[in-house]
Structure formats: C-alpha cells, structure tokens
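As provided, run.pdb (PDB, C-alpha atoms, pLDDT in the B column) reads as follows.
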```pdb
ATOM      1  CA  GLU W  13    -162.544 -33.546-108.235  1.00 61.00           C
ATOM      2  CA  ALA W  14    -159.836 -33.547-105.578  1.00 78.00           C
ATOM      3  CA  GLY W  15    -160.772 -34.873-102.187  1.00 93.00           C
ATOM      4  CA  VAL W  16    -159.655 -33.550 -98.839  1.00 96.00           C
ATOM      5  CA  VAL W  17    -155.912 -32.914 -98.996  1.00 96.00           C
ATOM      6  CA  GLN W  18    -153.674 -33.096 -95.961  1.00 97.00           C
ATOM      7  CA  SER W  19    -149.985 -32.524 -95.453  1.00 97.00           C
ATOM      8  CA  PRO W  20    -147.583 -33.731 -94.374  1.00 97.00           C
ATOM      9  CA  ARG W  21    -148.566 -37.403 -94.591  1.00 96.00           C
ATOM     10  CA  TYR W  22    -145.872 -38.368 -92.105  1.00 97.00           C
ATOM     11  CA  LYS W  23    -143.991 -36.400 -89.487  1.00 97.00           C
ATOM     12  CA  ILE W  24    -141.399 -37.557 -86.982  1.00 98.00           C
ATOM     13  CA  ILE W  25    -140.305 -35.099 -84.307  1.00 97.00           C
ATOM     14  CA  GLU W  26    -138.636 -35.095 -80.927  1.00 97.00           C
ATOM     15  CA  LYS W  27    -140.770 -34.379 -77.879  1.00 96.00           C
ATOM     16  CA  LYS W  28    -141.159 -30.724 -76.965  1.00 96.00           C
ATOM     17  CA  GLN W  29    -140.820 -29.701 -80.615  1.00 97.00           C
ATOM     18  CA  PRO W  30    -143.671 -27.935 -82.425  1.00 97.00           C
ATOM     19  CA  VAL W  31    -145.549 -29.449 -85.357  1.00 98.00           C
ATOM     20  CA  ALA W  32    -148.207 -28.194 -87.732  1.00 98.00           C
ATOM     21  CA  PHE W  33    -150.647 -29.980 -90.034  1.00 98.00           C
ATOM     22  CA  TRP W  34    -152.443 -28.469 -92.971  1.00 98.00           C
ATOM     23  CA  CYS W  35    -155.796 -29.357 -94.517  1.00 98.00           C
ATOM     24  CA  ASN W  36    -157.502 -28.257 -97.710  1.00 97.00           C
ATOM     25  CA  PRO W  37    -161.174 -29.322 -97.719  1.00 95.00           C
ATOM     26  CA  ILE W  38    -163.356 -30.167-100.683  1.00 94.00           C
ATOM     27  CA  SER W  39    -164.389 -27.030-102.549  1.00 91.00           C
ATOM     28  CA  GLY W  40    -167.727 -25.741-101.326  1.00 88.00           C
ATOM     29  CA  HIS W  41    -167.652 -27.581 -98.010  1.00 90.00           C
ATOM     30  CA  ASN W  42    -168.387 -25.109 -95.229  1.00 88.00           C
ATOM     31  CA  THR W  43    -167.765 -27.512 -92.364  1.00 90.00           C
ATOM     32  CA  LEU W  44    -164.292 -28.746 -91.483  1.00 93.00           C
ATOM     33  CA  TYR W  45    -163.281 -31.195 -88.769  1.00 94.00           C
ATOM     34  CA  TRP W  46    -160.055 -32.292 -87.185  1.00 97.00           C
ATOM     35  CA  TYR W  47    -160.133 -35.795 -85.732  1.00 96.00           C
ATOM     36  CA  LEU W  48    -157.511 -37.692 -83.739  1.00 96.00           C
ATOM     37  CA  GLN W  49    -157.142 -41.406 -84.422  1.00 95.00           C
ATOM     38  CA  ASN W  50    -155.035 -43.492 -82.090  1.00 94.00           C
ATOM     39  CA  LEU W  51    -153.850 -46.899 -83.258  1.00 89.00           C
ATOM     40  CA  GLY W  52    -156.690 -49.394 -83.185  1.00 86.00           C
ATOM     41  CA  GLN W  53    -159.284 -46.800 -82.209  1.00 91.00           C
ATOM     42  CA  GLY W  54    -162.026 -44.847 -83.875  1.00 93.00           C
ATOM     43  CA  PRO W  55    -161.585 -41.171 -84.763  1.00 94.00           C
ATOM     44  CA  GLU W  56    -162.213 -38.676 -81.953  1.00 94.00           C
ATOM     45  CA  LEU W  57    -163.295 -35.134 -82.719  1.00 92.00           C
ATOM     46  CA  LEU W  58    -160.853 -32.382 -81.757  1.00 95.00           C
ATOM     47  CA  ILE W  59    -162.503 -29.353 -83.331  1.00 94.00           C
ATOM     48  CA  ARG W  60    -165.235 -28.476 -85.834  1.00 92.00           C
ATOM     49  CA  TYR W  61    -165.464 -25.321 -87.926  1.00 92.00           C
ATOM     50  CA  GLU W  62    -168.431 -23.767 -89.660  1.00 89.00           C
ATOM     51  CA  ASN W  63    -166.702 -21.487 -92.158  1.00 89.00           C
ATOM     52  CA  GLU W  64    -164.055 -19.698 -90.077  1.00 91.00           C
ATOM     53  CA  GLU W  65    -165.845 -20.122 -86.747  1.00 91.00           C
ATOM     54  CA  ALA W  66    -164.857 -22.894 -84.343  1.00 92.00           C
ATOM     55  CA  VAL W  67    -168.269 -24.114 -83.180  1.00 86.00           C
ATOM     56  CA  ASP W  68    -167.106 -27.110 -81.160  1.00 86.00           C
ATOM     57  CA  ASP W  69    -163.607 -27.214 -79.662  1.00 90.00           C
ATOM     58  CA  SER W  70    -164.519 -28.863 -76.383  1.00 86.00           C
ATOM     59  CA  GLN W  71    -162.204 -31.833 -77.038  1.00 88.00           C
ATOM     60  CA  LEU W  72    -159.178 -29.779 -78.062  1.00 93.00           C
ATOM     61  CA  PRO W  73    -156.404 -29.724 -75.416  1.00 92.00           C
ATOM     62  CA  LYS W  74    -155.971 -25.995 -75.522  1.00 91.00           C
ATOM     63  CA  ASP W  75    -152.814 -25.891 -73.428  1.00 94.00           C
ATOM     64  CA  ARG W  76    -150.785 -27.279 -76.336  1.00 96.00           C
ATOM     65  CA  PHE W  77    -153.106 -27.557 -79.331  1.00 97.00           C
ATOM     66  CA  SER W  78    -154.355 -24.721 -81.492  1.00 96.00           C
ATOM     67  CA  ALA W  79    -156.182 -24.529 -84.782  1.00 97.00           C
ATOM     68  CA  GLU W  80    -157.255 -21.917 -87.235  1.00 95.00           C
ATOM     69  CA  ARG W  81    -159.268 -21.710 -90.407  1.00 95.00           C
ATOM     70  CA  LEU W  82    -158.541 -18.375 -91.973  1.00 83.00           C
ATOM     71  CA  LYS W  83    -160.938 -17.252 -94.712  1.00 86.00           C
ATOM     72  CA  GLY W  84    -163.080 -20.316 -94.050  1.00 85.00           C
ATOM     73  CA  VAL W  85    -161.183 -22.629 -96.402  1.00 92.00           C
ATOM     74  CA  ASP W  86    -157.820 -24.191 -95.445  1.00 96.00           C
ATOM     75  CA  SER W  87    -157.080 -25.063 -91.867  1.00 97.00           C
ATOM     76  CA  THR W  88    -153.992 -25.701 -89.775  1.00 97.00           C
ATOM     77  CA  LEU W  89    -153.674 -27.684 -86.573  1.00 98.00           C
ATOM     78  CA  LYS W  90    -150.660 -26.983 -84.387  1.00 98.00           C
ATOM     79  CA  ILE W  91    -149.162 -28.763 -81.418  1.00 97.00           C
ATOM     80  CA  GLN W  92    -146.621 -26.961 -79.258  1.00 97.00           C
ATOM     81  CA  PRO W  93    -144.883 -28.554 -77.499  1.00 96.00           C
ATOM     82  CA  ALA W  94    -145.490 -32.113 -78.660  1.00 96.00           C
ATOM     83  CA  GLU W  95    -145.548 -34.938 -76.123  1.00 96.00           C
ATOM     84  CA  LEU W  96    -144.974 -38.663 -76.568  1.00 96.00           C
ATOM     85  CA  GLY W  97    -148.699 -39.326 -76.166  1.00 95.00           C
ATOM     86  CA  ASP W  98    -149.507 -37.139 -79.164  1.00 97.00           C
ATOM     87  CA  SER W  99    -148.278 -39.845 -81.540  1.00 97.00           C
ATOM     88  CA  ALA W 100    -151.338 -40.645 -83.647  1.00 97.00           C
ATOM     89  CA  VAL W 101    -152.971 -39.978 -86.983  1.00 96.00           C
ATOM     90  CA  TYR W 102    -154.595 -36.569 -87.360  1.00 98.00           C
ATOM     91  CA  LEU W 103    -157.504 -36.741 -89.763  1.00 97.00           C
ATOM     92  CA  CYS W 104    -159.136 -33.781 -91.430  1.00 97.00           C
ATOM     93  CA  ALA W 105    -162.654 -34.101 -92.811  1.00 95.00           C
ATOM     94  CA  SER W 106    -165.126 -31.791 -94.501  1.00 93.00           C
ATOM     95  CA  SER W 107    -168.812 -31.725 -95.335  1.00 89.00           C
ATOM     96  CA  PHE W 108    -171.484 -29.380 -96.593  1.00 81.00           C
ATOM     97  CA  ARG W 109    -173.040 -27.111 -93.988  1.00 68.00           C
ATOM     98  CA  LEU W 110    -174.781 -29.263 -91.456  1.00 61.00           C
ATOM     99  CA  THR W 111    -178.482 -29.284 -90.938  1.00 60.00           C
ATOM    100  CA  ARG W 112    -180.472 -31.405 -88.534  1.00 54.00           C
ATOM    101  CA  ASP W 113    -180.232 -34.102 -91.226  1.00 57.00           C
ATOM    102  CA  HIS W 114    -176.560 -34.998 -91.003  1.00 62.00           C
ATOM    103  CA  GLY W 115    -174.493 -35.450 -94.131  1.00 72.00           C
ATOM    104  CA  GLU W 116    -171.481 -37.469 -95.230  1.00 84.00           C
ATOM    105  CA  LEU W 117    -168.044 -36.636 -93.913  1.00 89.00           C
ATOM    106  CA  PHE W 118    -165.216 -36.827 -96.448  1.00 92.00           C
ATOM    107  CA  PHE W 119    -161.893 -37.642 -94.819  1.00 95.00           C
ATOM    108  CA  GLY W 120    -158.367 -36.861 -95.894  1.00 96.00           C
ATOM    109  CA  GLU W 121    -155.596 -39.470 -95.874  1.00 94.00           C
ATOM    110  CA  GLY W 122    -154.396 -38.230 -92.501  1.00 96.00           C
ATOM    111  CA  SER W 123    -151.130 -36.989 -91.073  1.00 97.00           C
ATOM    112  CA  ARG W 124    -149.287 -39.616 -89.056  1.00 97.00           C
ATOM    113  CA  LEU W 125    -147.296 -38.077 -86.215  1.00 98.00           C
ATOM    114  CA  THR W 126    -144.554 -39.911 -84.365  1.00 97.00           C
ATOM    115  CA  VAL W 127    -143.082 -38.191 -81.316  1.00 97.00           C
ATOM    116  CA  LEU W 128    -139.755 -39.607 -80.126  1.00 96.00           C
TER     117      LEU W 128
ATOM    118  CA  GLY E   2    -172.462 -36.723 -74.740  1.00 75.00           C
ATOM    119  CA  GLU E   3    -172.908 -39.725 -76.984  1.00 84.00           C
ATOM    120  CA  ASN E   4    -171.179 -43.039 -76.241  1.00 91.00           C
ATOM    121  CA  VAL E   5    -170.873 -45.718 -78.930  1.00 96.00           C
ATOM    122  CA  GLU E   6    -169.836 -49.301 -78.225  1.00 97.00           C
ATOM    123  CA  GLN E   7    -168.882 -51.618 -81.094  1.00 97.00           C
ATOM    124  CA  HIS E   8    -168.527 -55.407 -81.171  1.00 97.00           C
ATOM    125  CA  PRO E   9    -166.694 -57.548 -82.022  1.00 97.00           C
ATOM    126  CA  SER E  10    -163.271 -55.922 -82.146  1.00 96.00           C
ATOM    127  CA  THR E  11    -162.066 -58.573 -84.622  1.00 97.00           C
ATOM    128  CA  LEU E  12    -164.029 -60.789 -86.974  1.00 98.00           C
ATOM    129  CA  SER E  13    -162.656 -63.514 -89.208  1.00 98.00           C
ATOM    130  CA  VAL E  14    -164.835 -65.181 -91.861  1.00 97.00           C
ATOM    131  CA  GLN E  15    -164.430 -67.371 -94.898  1.00 98.00           C
ATOM    132  CA  GLU E  16    -165.077 -65.900 -98.311  1.00 97.00           C
ATOM    133  CA  GLY E  17    -168.772 -66.157 -99.133  1.00 97.00           C
ATOM    134  CA  ASP E  18    -169.908 -66.146 -95.512  1.00 97.00           C
ATOM    135  CA  SER E  19    -171.849 -63.302 -93.912  1.00 98.00           C
ATOM    136  CA  ALA E  20    -170.415 -60.850 -91.392  1.00 98.00           C
ATOM    137  CA  VAL E  21    -172.328 -58.904 -88.772  1.00 98.00           C
ATOM    138  CA  ILE E  22    -171.001 -56.016 -86.686  1.00 98.00           C
ATOM    139  CA  LYS E  23    -173.086 -54.509 -83.893  1.00 98.00           C
ATOM    140  CA  CYS E  24    -173.087 -51.109 -82.212  1.00 98.00           C
ATOM    141  CA  THR E  25    -174.969 -49.620 -79.318  1.00 98.00           C
ATOM    142  CA  TYR E  26    -175.384 -45.934 -78.553  1.00 96.00           C
ATOM    143  CA  SER E  27    -176.425 -43.990 -75.487  1.00 94.00           C
ATOM    144  CA  ASP E  28    -178.145 -40.801 -76.680  1.00 89.00           C
ATOM    145  CA  SER E  29    -181.775 -41.452 -77.570  1.00 89.00           C
ATOM    146  CA  ALA E  30    -181.832 -38.170 -79.529  1.00 87.00           C
ATOM    147  CA  SER E  31    -179.262 -39.434 -82.059  1.00 89.00           C
ATOM    148  CA  ASN E  32    -180.812 -39.675 -85.502  1.00 87.00           C
ATOM    149  CA  TYR E  33    -177.970 -40.451 -87.911  1.00 89.00           C
ATOM    150  CA  PHE E  34    -175.881 -43.635 -87.964  1.00 93.00           C
ATOM    151  CA  PRO E  35    -173.166 -44.020 -90.592  1.00 94.00           C
ATOM    152  CA  TRP E  36    -170.714 -46.832 -91.201  1.00 97.00           C
ATOM    153  CA  TYR E  37    -167.202 -46.141 -92.439  1.00 97.00           C
ATOM    154  CA  LYS E  38    -164.691 -48.556 -93.966  1.00 97.00           C
ATOM    155  CA  GLN E  39    -160.981 -47.918 -93.515  1.00 95.00           C
ATOM    156  CA  GLU E  40    -158.450 -49.979 -95.430  1.00 94.00           C
ATOM    157  CA  LEU E  41    -154.928 -50.186 -94.072  1.00 89.00           C
ATOM    158  CA  GLY E  42    -153.208 -46.806 -94.332  1.00 86.00           C
ATOM    159  CA  LYS E  43    -156.161 -45.265 -96.130  1.00 90.00           C
ATOM    160  CA  ARG E  44    -158.835 -42.735 -95.247  1.00 93.00           C
ATOM    161  CA  PRO E  45    -162.175 -43.764 -93.708  1.00 94.00           C
ATOM    162  CA  GLN E  46    -164.899 -43.851 -96.360  1.00 94.00           C
ATOM    163  CA  LEU E  47    -168.653 -43.933 -95.899  1.00 94.00           C
ATOM    164  CA  ILE E  48    -170.184 -47.198 -97.060  1.00 96.00           C
ATOM    165  CA  ILE E  49    -173.756 -46.867 -95.832  1.00 95.00           C
ATOM    166  CA  ASP E  50    -175.785 -44.777 -93.411  1.00 93.00           C
ATOM    167  CA  ILE E  51    -179.227 -44.865 -91.884  1.00 92.00           C
ATOM    168  CA  ARG E  52    -181.463 -42.238 -90.359  1.00 88.00           C
ATOM    169  CA  SER E  53    -183.789 -42.774 -87.463  1.00 82.00           C
ATOM    170  CA  ASN E  54    -186.954 -42.680 -89.537  1.00 81.00           C
ATOM    171  CA  VAL E  55    -186.184 -46.068 -91.142  1.00 83.00           C
ATOM    172  CA  GLY E  56    -185.404 -49.468 -89.683  1.00 90.00           C
ATOM    173  CA  GLU E  57    -183.348 -50.999 -92.477  1.00 94.00           C
ATOM    174  CA  LYS E  58    -181.388 -49.930 -95.526  1.00 94.00           C
ATOM    175  CA  LYS E  59    -179.694 -52.089 -98.154  1.00 96.00           C
ATOM    176  CA  ASP E  60    -177.091 -51.409-100.798  1.00 94.00           C
ATOM    177  CA  GLN E  61    -176.114 -54.501-102.773  1.00 95.00           C
ATOM    178  CA  ARG E  62    -174.231 -56.790-100.368  1.00 97.00           C
ATOM    179  CA  ILE E  63    -174.371 -54.490 -97.372  1.00 98.00           C
ATOM    180  CA  ALA E  64    -177.281 -53.602 -95.134  1.00 97.00           C
ATOM    181  CA  VAL E  65    -177.783 -51.730 -91.911  1.00 97.00           C
ATOM    182  CA  THR E  66    -180.553 -52.266 -89.393  1.00 97.00           C
ATOM    183  CA  LEU E  67    -181.581 -49.882 -86.620  1.00 96.00           C
ATOM    184  CA  ASN E  68    -183.509 -50.589 -83.440  1.00 95.00           C
ATOM    185  CA  LYS E  69    -184.218 -47.226 -81.822  1.00 93.00           C
ATOM    186  CA  THR E  70    -185.982 -48.713 -78.840  1.00 93.00           C
ATOM    187  CA  ALA E  71    -182.968 -50.805 -77.915  1.00 94.00           C
ATOM    188  CA  LYS E  72    -180.522 -48.166 -79.163  1.00 95.00           C
ATOM    189  CA  HIS E  73    -178.513 -50.466 -81.337  1.00 95.00           C
ATOM    190  CA  PHE E  74    -177.704 -50.778 -85.018  1.00 97.00           C
ATOM    191  CA  SER E  75    -175.887 -53.401 -87.042  1.00 98.00           C
ATOM    192  CA  LEU E  76    -173.957 -53.762 -90.281  1.00 98.00           C
ATOM    193  CA  HIS E  77    -174.551 -56.885 -92.337  1.00 98.00           C
ATOM    194  CA  ILE E  78    -172.251 -57.916 -95.173  1.00 98.00           C
ATOM    195  CA  THR E  79    -173.346 -60.892 -97.254  1.00 97.00           C
ATOM    196  CA  GLU E  80    -171.258 -62.988 -99.658  1.00 97.00           C
ATOM    197  CA  THR E  81    -168.059 -61.550 -98.235  1.00 98.00           C
ATOM    198  CA  GLN E  82    -165.042 -61.124-100.494  1.00 97.00           C
ATOM    199  CA  PRO E  83    -161.342 -60.682 -99.644  1.00 96.00           C
ATOM    200  CA  GLU E  84    -161.583 -57.006-100.635  1.00 96.00           C
ATOM    201  CA  ASP E  85    -164.070 -56.521 -97.796  1.00 97.00           C
ATOM    202  CA  SER E  86    -161.145 -56.982 -95.397  1.00 97.00           C
ATOM    203  CA  ALA E  87    -160.709 -53.665 -93.573  1.00 97.00           C
ATOM    204  CA  VAL E  88    -161.548 -51.875 -90.328  1.00 96.00           C
ATOM    205  CA  TYR E  89    -165.200 -50.895 -90.019  1.00 98.00           C
ATOM    206  CA  PHE E  90    -166.378 -48.063 -87.788  1.00 97.00           C
ATOM    207  CA  CYS E  91    -169.910 -47.268 -86.739  1.00 97.00           C
ATOM    208  CA  ALA E  92    -170.852 -43.803 -85.581  1.00 95.00           C
ATOM    209  CA  ALA E  93    -173.768 -41.869 -84.142  1.00 93.00           C
ATOM    210  CA  ASN E  94    -174.414 -38.152 -84.153  1.00 88.00           C
ATOM    211  CA  ASP E  95    -174.933 -35.754 -81.285  1.00 81.00           C
ATOM    212  CA  ALA E  96    -178.360 -34.366 -82.097  1.00 70.00           C
ATOM    213  CA  GLY E  97    -178.643 -31.613 -79.527  1.00 64.00           C
ATOM    214  CA  GLY E  98    -177.219 -28.209 -78.808  1.00 57.00           C
ATOM    215  CA  THR E  99    -174.038 -26.956 -80.407  1.00 54.00           C
ATOM    216  CA  SER E 100    -172.673 -30.492 -80.691  1.00 54.00           C
ATOM    217  CA  TYR E 101    -175.309 -31.633 -83.167  1.00 57.00           C
ATOM    218  CA  GLY E 102    -172.730 -31.946 -85.907  1.00 66.00           C
ATOM    219  CA  LYS E 103    -170.436 -34.192 -83.927  1.00 79.00           C
ATOM    220  CA  LEU E 104    -170.072 -37.839 -84.861  1.00 87.00           C
ATOM    221  CA  THR E 105    -168.977 -40.224 -82.117  1.00 91.00           C
ATOM    222  CA  PHE E 106    -167.260 -43.300 -83.512  1.00 95.00           C
ATOM    223  CA  GLY E 107    -167.082 -46.829 -82.197  1.00 96.00           C
ATOM    224  CA  GLN E 108    -163.767 -48.511 -81.500  1.00 95.00           C
ATOM    225  CA  GLY E 109    -163.702 -50.327 -84.828  1.00 96.00           C
ATOM    226  CA  THR E 110    -163.939 -53.932 -86.023  1.00 97.00           C
ATOM    227  CA  ILE E 111    -161.095 -55.545 -87.936  1.00 97.00           C
ATOM    228  CA  LEU E 112    -162.758 -57.772 -90.536  1.00 98.00           C
ATOM    229  CA  THR E 113    -160.635 -60.405 -92.226  1.00 98.00           C
ATOM    230  CA  VAL E 114    -162.090 -62.410 -95.107  1.00 97.00           C
ATOM    231  CA  HIS E 115    -160.103 -65.541 -95.885  1.00 96.00           C
ATOM    232  CA  PRO E 116    -160.102 -66.781 -99.503  1.00 93.00           C
TER     233      PRO E 116
END
```
I'd like the structure from this file rewritten - as structure tokens, please.
Amino acid sequence: EAGVVQSPRYKIIEKKQPVAFWCNPISGHNTLYWYLQNLGQGPELLIRYENEEAVDDSQLPKDRFSAERLKGVDSTLKIQPAELGDSAVYLCASSFRLTRDHGELFFGEGSRLTVL
Amino acid sequence: GENVEQHPSTLSVQEGDSAVIKCTYSDSASNYFPWYKQELGKRPQLIIDIRSNVGEKKDQRIAVTLNKTAKHFSLHITETQPEDSAVYFCAANDAGGTSYGKLTFGQGTILTVHP
C-alpha cells in the first residue's frame, strides 16, 4: 500500500514568488496534517483537517499561507508570497479519524523549500 | 498549549551500549506519548508509543517509560547498532478542546552509534 505522497520533493524559488505543495494521504485516513520542520527542529503543526474541515489552523500564518482539502482527500498548501524565513521542510501526515485515544501519524517524505 | 522539552540534543554511543533520551511535558492532561525516528532525508516514523494508563512499554531493544507525576517520559535503546543512528523525536498530545488531535514535538536528539 502506498504511503503518504507529497510533491514536489524539492523546490527552489526566489522570495516573493508563490509556491504550492501537494499531499495525497493514505487511503481511508480522514485526518490530514501539515507540519513545518525547520532544520534541526521537531515538526510544528500548521493545520489539521478532519475530512474537508480545517479543525485546527491556529498556527497557520494566514497572511501568506493557505490550505485546502477539497473532497476530503488530497490537500494543497500554498505560500504567497514566499519569504526567506519560509525555507524549511513541509511535512504532510495522515491518520485515521482521531478519538480520545490518539493514533499513529503517517508522514510523507516532505517537500523541502529553499527561498533565495 | 503543550510544551515538550527534549534532552540531550546530541548523543554519541559505542555500538552495544545503551542510549537514553528524556522528555518533559507541561500539560498534565496529555495522555499519548509517541517516539518518532527520522533518518537523514527521510520521513519521521513511529517506533514506539505509550499511553498514560501504563508506566512502561517494551518492544525488543526499545522501551519507553512514563512518569505522569513528574511529567516526563524516556526512550531507552539497548544493544545499540549503527542503524539506530538517526534523529529521535518525542511528542505529547493536546488532550483538551479542539486541539486534542495536535501532537507537540520535542526538538529532537541526534543519536550517533559508532561501530
């Protein structure tokens, strides 16, 4: 079975340009996450979806970041315009619908963004 | 929200030795504590987790212990091998409100096992 698929794996852009990342979660996983991972740091949650609903986007910088999960499957994360400080790895993860007993997150390989 | 502190940031051991990584958390309502292993350029992968109703869990050479009173949990790797070299992240969940699905990760520990 395929795991979480992300694209592109690498992206280099100039500052002020837009960029978009795509994620295809594991089939049957209702919950989808976007995490930001800076070099040498742990992942930090940007946004969490339950099906197509964003249930936690408190950490998403909404002035330049946006995300969507149409039809409750694939998701895209967009940055416009990108800034130098956005250089990082953007990780997508998915899991079964959460209950009070938390379950395993399955991560994608990540999309590494370099802003010049 | 939850705050997770992880120590040490780097750990170097000889093959066959044991390695211990420790984490503390701030939210006493947290009830799920996973550990993820991330090899260079790869995705984080769950290696073991523990829930608040148990104090210890083992899986072959790895074990996790949890002290809810002190709000800390630890990863123990015995008989380390070079393939254990990676970055290890602990995490704790937000158990309340609409953030209950959120995992807060520690800063990571770079483990190097020398042959």
Evaluating the PyMOL selection byres ((chain W) within 6 of (chain E)) on the displayed file yields which residues, as a JSON list (two decimals) with C-alpha atoms, keeping the file's coordinate frame?
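Done, and the output landed in selection04.json:
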```json
[["chain", "number", "residue", "atom", "x", "y", "z"],
["W", 53, "GLN", "CA", -159.28, -46.80, -82.21],
["W", 54, "GLY", "CA", -162.03, -44.85, -83.88],
["W", 119, "PHE", "CA", -161.89, -37.64, -94.82],
["W", 120, "GLY", "CA", -158.37, -36.86, -95.89],
["W", 121, "GLU", "CA", -155.60, -39.47, -95.87]]
```
Considering only C-alpha atoms, state which residue in the set E:Leu41, E:Pro116, E:Val55, E:Gln7 is at the smallest distance from His73 of chain E.
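The shortest atom-to-atom distance to His73 of chain E comes from E:Gln7.
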At what distance in Å, to one decimal, does atom CA of Pro30 of chain W lie from atom CA of Arg76 of chain W?
9.4 Å
Check which residues satisfy the PyMOL selection byres ((chain W and resi 33-45) around 10) in the file shown, then give them as a count of residues only.
58
Let me know the centre plus edge lengths, in Å and rounded to one decimal, of a box with edges along x, y and z that contains all listed atoms of segment 77-87 of chain W and is padded by 6 Å on every side, as lines of an AutoDock Vina configuration file.
```
center_x = -158.1
center_y = -22.4
center_z = -87.9
size_x = 22.0
size_y = 22.3
size_z = 29.1
```
What would the list of residues within 12 Å of (-162.4, -59.5, -104.3) (file frame) look like as a list in words, if all atoms listed in the file are what count?
Glu16, Gly17, Glu80, Thr81, Gln82, Pro83, Glu84, Asp85, Ser86, Val114, His115 and Pro116 of chain E
What would the selection look like, as a PyMOL selection string, if the PyMOL selection byres ((chain E and resi 67) around 8) were run on the coordinates I just shared?
chain E and resi 51+53+55-57+65-66+68-69+72-75
Quick one: distance from atom CA of Thr25 of chain E to atom CA of Ala71 of chain E in Å, one decimal?
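Distance between the two atoms: 8.2 Å.
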Which residue, W:Pro73, W:Gly115, W:Gly97, W:Gly52, has the smallest gap to Ala93 of chain E when you use all atoms listed in the file?
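Ranking W:Pro73, W:Gly115, W:Gly97, W:Gly52 by distance to Ala93 of chain E, first place goes to W:Gly115.
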Report, in Å to a single decimal, how far apart atom CA of Asn54 of chain E and atom CA of Glu56 of chain W are.
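Here the two named atoms are 26.2 Å from each other.
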Using all atoms listed in the file, what residues lie at most 9 Å away from (-175.1, -54.8, -95.4) (file coordinates), given as number ranges by chain?
E: 20-21, 49, 58-66, 75-79
